[in-house]
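Report on one structure; see the data block that follows.
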Amino acid sequence: MLRHIHLSLLGLVAAGGALGVFARAALTGAETTTGTVPWLTLLINACGTLLLGVLVGWLGQRRARLQAFLGTGVLGGFTTYSALAVQTATWLAMAPWTAAALAVGSLVAGILSAMVGLIIGSHIAETHSHREGAENAQ
Amino acid sequence: MNDSLLLATAAAGGIGAALRYTIDRILPPARHRGFPVGILIVNITGSLALGVLSGLGSLLSSELAAVVGVGLLGGYTTFSAVHVETVLLAKRRHWRQALVNLFGTVILTVAAAAVGMVIGLWAADVIT
């Protein structure tokens, strides 16, 4: 089972993850207060998803090391699901409609950012291949 | 957050991300008809653990809660991969897998967080 794990990629993921979590923790602080709407976490998640969309749309299956570091590591660590799940569960007990709005709002933000990111990424990939094509033709 | 706490949180985040990568490699989407089952399990278990942590409340020091909660579990669970994968599944017209991934993740993680909080509150009650 462990043959599927590439140690060099694992190291890149860990280093990237530390950077991503550093950035998120620097923005949010140790704030674990429940009962507030986690706007900042929502914003961080949307930005991180947009950037991951750009990366994946641009590179596809290429550049495994860069994707492990930036995608799985930095952006995977920057965004988070556990905080959102606990916040939503807390709201569920106090105000179910707020919990539902939080869950739906977060899904919509996630899907829209992923779509926009993937479109931007594939545009970058296209522009690149056009330019390379033009250079090869010369 | 002071500098040393921030660094400890970041280091724990690196460990969390490495754990996520390991589970995603052991349970690869390719062997589950493209469904990212590893990331789903990561997000469910991470939400359960953060639920327990938050149920334990002031039993843990705020420093430990930050390192484990914001760092380890924050780095372990991820939001970006869930939504990018969902859109990619939809683009390949795997509608059912896309919907299960999107709604399954939110429903199961919130349920796991709620169960975790109950366990944490119960444990805190037993300990004190």
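Following the order of the structure tokens, chains are lettered A, B, ..., residues in each are numbered from 1, and ligands are numbered from 1.
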
Write out as JSON lines the residues of chain B that have any atom within 6 Å of an atom of chain A, one row each with the nearest atom pair and its distance in Å to one decimal, counting only C-alpha atoms, sorted by chain and then rising number.
```
{"residue": "B:Met1", "atom": "CA", "partner": "A:Gly29", "partner_atom": "CA", "distance": 5.5}
{"residue": "B:Ala10", "atom": "CA", "partner": "A:Ala18", "partner_atom": "CA", "distance": 4.5}
{"residue": "B:Ala11", "atom": "CA", "partner": "A:Ala18", "partner_atom": "CA", "distance": 5.3}
{"residue": "B:Gly13", "atom": "CA", "partner": "A:Ala18", "partner_atom": "CA", "distance": 5.0}
{"residue": "B:Gly14", "atom": "CA", "partner": "A:Ala18", "partner_atom": "CA", "distance": 4.0}
{"residue": "B:Ile15", "atom": "CA", "partner": "A:Ala14", "partner_atom": "CA", "distance": 5.9}
{"residue": "B:Ala17", "atom": "CA", "partner": "A:Gly17", "partner_atom": "CA", "distance": 5.2}
{"residue": "B:Ala18", "atom": "CA", "partner": "A:Ala14", "partner_atom": "CA", "distance": 5.0}
{"residue": "B:Arg25", "atom": "CA", "partner": "A:His4", "partner_atom": "CA", "distance": 5.9}
{"residue": "B:Gly46", "atom": "CA", "partner": "A:Ser82", "partner_atom": "CA", "distance": 5.8}
{"residue": "B:Ser47", "atom": "CA", "partner": "A:Ser82", "partner_atom": "CA", "distance": 4.3}
{"residue": "B:Gly51", "atom": "CA", "partner": "A:Val86", "partner_atom": "CA", "distance": 5.9}
{"residue": "B:Ala66", "atom": "CA", "partner": "A:Ala30", "partner_atom": "CA", "distance": 5.5}
{"residue": "B:Gly74", "atom": "CA", "partner": "A:Thr80", "partner_atom": "CA", "distance": 5.3}
{"residue": "B:Gly75", "atom": "CA", "partner": "A:Gly77", "partner_atom": "CA", "distance": 4.1}
{"residue": "B:Thr77", "atom": "CA", "partner": "A:Thr80", "partner_atom": "CA", "distance": 5.3}
{"residue": "B:Thr78", "atom": "CA", "partner": "A:Thr80", "partner_atom": "CA", "distance": 4.3}
{"residue": "B:Phe79", "atom": "CA", "partner": "A:Thr80", "partner_atom": "CA", "distance": 5.1}
{"residue": "B:Ser80", "atom": "CA", "partner": "A:Thr49", "partner_atom": "CA", "distance": 4.1}
{"residue": "B:His83", "atom": "CA", "partner": "A:Ile111", "partner_atom": "CA", "distance": 5.5}
{"residue": "B:Val84", "atom": "CA", "partner": "A:Ala114", "partner_atom": "CA", "distance": 5.0}
{"residue": "B:Thr109", "atom": "CA", "partner": "A:Ala85", "partner_atom": "CA", "distance": 5.6}
{"residue": "B:Val110", "atom": "CA", "partner": "A:Ala85", "partner_atom": "CA", "distance": 4.6}
{"residue": "B:Ala113", "atom": "CA", "partner": "A:Val86", "partner_atom": "CA", "distance": 5.2}
{"residue": "B:Ala114", "atom": "CA", "partner": "A:Ala89", "partner_atom": "CA", "distance": 5.4}
```

Written selection (all heavy atoms) as a compact mmCIF listing (two decimals), in the first residue's frame:
```txt
# COMPACT_ATOMS: atom_id res chain seq x y z
N MET B 1 -1.93 35.69 17.81
CA MET B 1 -1.03 34.54 17.92
C MET B 1 0.42 35.03 17.95
O MET B 1 0.82 35.75 17.03
CB MET B 1 -1.24 33.64 16.69
CG MET B 1 -1.48 32.20 17.04
SD MET B 1 -1.49 31.15 15.59
CE MET B 1 -3.13 30.51 15.66
N ALA B 10 1.93 26.21 12.10
CA ALA B 10 2.30 25.96 10.70
C ALA B 10 2.94 24.57 10.55
O ALA B 10 2.61 23.82 9.62
CB ALA B 10 3.25 27.05 10.21
N ALA B 11 3.84 24.23 11.50
CA ALA B 11 4.50 22.91 11.44
C ALA B 11 3.46 21.80 11.56
O ALA B 11 3.50 20.80 10.82
CB ALA B 11 5.55 22.81 12.55
N GLY B 13 0.43 22.03 10.69
CA GLY B 13 -0.29 22.06 9.42
C GLY B 13 0.42 21.25 8.35
O GLY B 13 -0.23 20.57 7.55
N GLY B 14 1.75 21.30 8.34
CA GLY B 14 2.53 20.50 7.39
C GLY B 14 2.31 19.02 7.62
O GLY B 14 2.13 18.25 6.66
N ILE B 15 2.27 18.62 8.89
CA ILE B 15 2.01 17.21 9.22
C ILE B 15 0.60 16.81 8.77
O ILE B 15 0.38 15.75 8.19
CB ILE B 15 2.19 16.97 10.75
CG1 ILE B 15 3.65 17.21 11.14
CG2 ILE B 15 1.75 15.56 11.13
CD1 ILE B 15 3.90 17.25 12.63
N ALA B 17 -1.20 18.12 6.34
CA ALA B 17 -1.24 18.03 4.87
C ALA B 17 -0.59 16.73 4.40
O ALA B 17 -1.09 16.07 3.48
CB ALA B 17 -0.55 19.24 4.25
N ALA B 18 0.52 16.32 5.05
CA ALA B 18 1.20 15.08 4.69
C ALA B 18 0.29 13.88 4.96
O ALA B 18 0.24 12.93 4.17
CB ALA B 18 2.51 14.96 5.46
N ARG B 25 -3.40 8.93 -1.29
CA ARG B 25 -2.62 8.02 -2.13
C ARG B 25 -2.99 6.56 -1.86
O ARG B 25 -2.93 5.73 -2.75
CB ARG B 25 -1.11 8.21 -1.87
CG ARG B 25 -0.57 9.55 -2.28
CD ARG B 25 -0.71 9.82 -3.75
NE ARG B 25 0.06 8.88 -4.56
CZ ARG B 25 0.13 8.94 -5.88
NH1 ARG B 25 -0.52 9.86 -6.54
NH2 ARG B 25 0.86 8.05 -6.54
N GLY B 46 -11.38 14.53 10.07
CA GLY B 46 -10.87 15.80 10.59
C GLY B 46 -11.95 16.61 11.29
O GLY B 46 -11.70 17.25 12.32
N SER B 47 -13.17 16.57 10.74
CA SER B 47 -14.28 17.32 11.35
C SER B 47 -14.70 16.67 12.65
O SER B 47 -15.03 17.36 13.62
CB SER B 47 -15.47 17.37 10.38
OG SER B 47 -15.09 18.02 9.19
N GLY B 51 -14.49 18.48 16.21
CA GLY B 51 -15.68 18.49 17.06
C GLY B 51 -15.34 18.07 18.48
O GLY B 51 -15.74 18.73 19.45
N ALA B 66 -5.01 25.64 19.41
CA ALA B 66 -4.63 26.30 18.15
C ALA B 66 -3.74 25.40 17.31
O ALA B 66 -3.96 25.24 16.11
CB ALA B 66 -3.92 27.63 18.45
N GLY B 74 -6.67 21.74 10.57
CA GLY B 74 -6.90 22.70 9.49
C GLY B 74 -6.10 22.35 8.25
O GLY B 74 -6.58 22.49 7.13
N GLY B 75 -4.86 21.89 8.45
CA GLY B 75 -4.02 21.50 7.32
C GLY B 75 -4.43 20.14 6.75
O GLY B 75 -4.29 19.89 5.56
N THR B 77 -7.66 18.75 6.80
CA THR B 77 -8.88 18.87 5.99
C THR B 77 -8.70 19.94 4.93
O THR B 77 -7.85 20.82 5.05
CB THR B 77 -10.10 19.25 6.86
OG1 THR B 77 -9.87 20.52 7.46
CG2 THR B 77 -10.36 18.21 7.94
N THR B 78 -9.49 19.84 3.86
CA THR B 78 -9.35 20.79 2.77
C THR B 78 -10.68 21.09 2.11
O THR B 78 -11.58 20.25 2.10
CB THR B 78 -8.34 20.28 1.72
OG1 THR B 78 -8.08 21.32 0.79
CG2 THR B 78 -8.85 19.06 0.96
N PHE B 79 -10.80 22.30 1.61
CA PHE B 79 -12.02 22.76 0.97
C PHE B 79 -11.81 22.85 -0.54
O PHE B 79 -12.68 22.50 -1.32
CB PHE B 79 -12.36 24.13 1.55
CG PHE B 79 -13.62 24.77 1.03
CD1 PHE B 79 -14.84 24.56 1.68
CD2 PHE B 79 -13.60 25.59 -0.08
CE1 PHE B 79 -16.01 25.16 1.21
CE2 PHE B 79 -14.75 26.20 -0.55
CZ PHE B 79 -15.96 25.98 0.10
N SER B 80 -10.61 23.32 -0.91
CA SER B 80 -10.35 23.60 -2.33
C SER B 80 -10.47 22.35 -3.20
O SER B 80 -11.12 22.38 -4.25
CB SER B 80 -8.97 24.24 -2.48
OG SER B 80 -8.00 23.54 -1.73
N HIS B 83 -14.13 21.13 -4.07
CA HIS B 83 -14.92 21.85 -5.07
C HIS B 83 -14.31 21.79 -6.46
O HIS B 83 -15.04 21.70 -7.44
CB HIS B 83 -15.17 23.28 -4.57
CG HIS B 83 -16.02 23.27 -3.34
ND1 HIS B 83 -15.48 23.12 -2.08
CD2 HIS B 83 -17.36 23.28 -3.19
CE1 HIS B 83 -16.47 23.08 -1.21
NE2 HIS B 83 -17.61 23.17 -1.84
N VAL B 84 -12.98 21.80 -6.54
CA VAL B 84 -12.35 21.65 -7.86
C VAL B 84 -12.67 20.25 -8.40
O VAL B 84 -13.04 20.08 -9.57
CB VAL B 84 -10.83 21.90 -7.79
CG1 VAL B 84 -10.14 21.50 -9.08
CG2 VAL B 84 -10.57 23.38 -7.51
N THR B 109 -19.61 15.77 7.01
CA THR B 109 -18.67 16.47 7.89
C THR B 109 -19.40 17.18 9.03
O THR B 109 -18.91 17.20 10.16
CB THR B 109 -17.79 17.50 7.13
OG1 THR B 109 -18.65 18.39 6.43
CG2 THR B 109 -16.83 16.85 6.17
N VAL B 110 -20.55 17.78 8.73
CA VAL B 110 -21.31 18.47 9.79
C VAL B 110 -21.82 17.44 10.79
O VAL B 110 -21.74 17.66 12.02
CB VAL B 110 -22.46 19.32 9.19
CG1 VAL B 110 -23.34 19.87 10.30
CG2 VAL B 110 -21.89 20.46 8.36
N ALA B 113 -18.88 16.39 12.86
CA ALA B 113 -18.53 17.46 13.82
C ALA B 113 -19.49 17.44 15.01
O ALA B 113 -19.06 17.57 16.16
CB ALA B 113 -18.54 18.82 13.12
N ALA B 114 -20.79 17.24 14.73
CA ALA B 114 -21.79 17.21 15.81
C ALA B 114 -21.54 16.01 16.73
O ALA B 114 -21.54 16.16 17.97
CB ALA B 114 -23.19 17.13 15.21
```

Determine which residues of chain A receive a DSSP assignment of helix (DSSP H, G or I), computed from the backbone, and state them as an MDAnalysis selection string. chainID A and resid 2:4 7:28 39:59 64:78 82:94 96:137

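Within the 12 Å cut-off around Ile26 (chain B), using only C-alpha atoms and omitting residues fewer than 2 positions from it on the same chain, the listed residues are Met1, Leu2, Arg3, His4, Ile5 and His6 of chain A; Leu19, Arg20, Tyr21, Thr22, Ile23, Asp24, Pro28, Pro29, Ala30, Arg31, His32, Pro36, Val37, Gly38, Ile39, Ile41 and Val42 of chain B.
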
Residues near Glu63 (chain B), anyone? I mean within 10 Å using only C-alpha atoms, not counting same-chain ones fewer than 6 positions away, as number ranges by chain. A: 30; B: 1, 5-6, 8-9, 69

Tell me which protein, DNA and RNA residues are within 7 Å of Leu48 (chain B), counting only C-alpha atoms, leaving out same-chain ones fewer than 3 positions away, and put them as number ranges by chain. B: 44-45, 51-52, 112-113, 115-116

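Here CA of Trp122 (chain B) stands at a distance of 26.0 Å from CA of Gly16 (chain B).
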
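CA of Phe69 (chain A) is found 21.7 Å from CA of His128 (chain A).
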
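Residue nearest Gly105 (chain A) within the list A:Gly121, A:Leu70, A:Pro38, A:Gln61: A:Pro38 [criterion: smallest interatomic distance, only C-alpha atoms].
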
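The environment of region 93-105 of chain B within 7 Å, counting only C-alpha atoms and disregarding residues fewer than 6 places along the same chain, consists of Phe35, Leu40 and Thr86 of chain B.
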
Output C-alpha atoms for every residue in the selection just made, as a tab-separated table (two decimals), in the first residue's frame.
```tsv
chain	number	residue	atom	x	y	z
B	35	PHE	CA	-14.55	9.41	-6.84
B	40	LEU	CA	-13.95	12.63	1.79
B	86	THR	CA	-16.69	18.34	-8.02
```

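Considering the residues B:Ser4, B:Ser61, B:Thr128, B:Asn43 and counting only C-alpha atoms, Ala111 (chain B) has its shortest atom-to-atom contact with B:Asn43.
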
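Minimum distance to Thr41 (chain A) across A:Ile119, A:Ser129, A:Leu102, A:Leu59 (counting only C-alpha atoms) occurs at A:Leu102.
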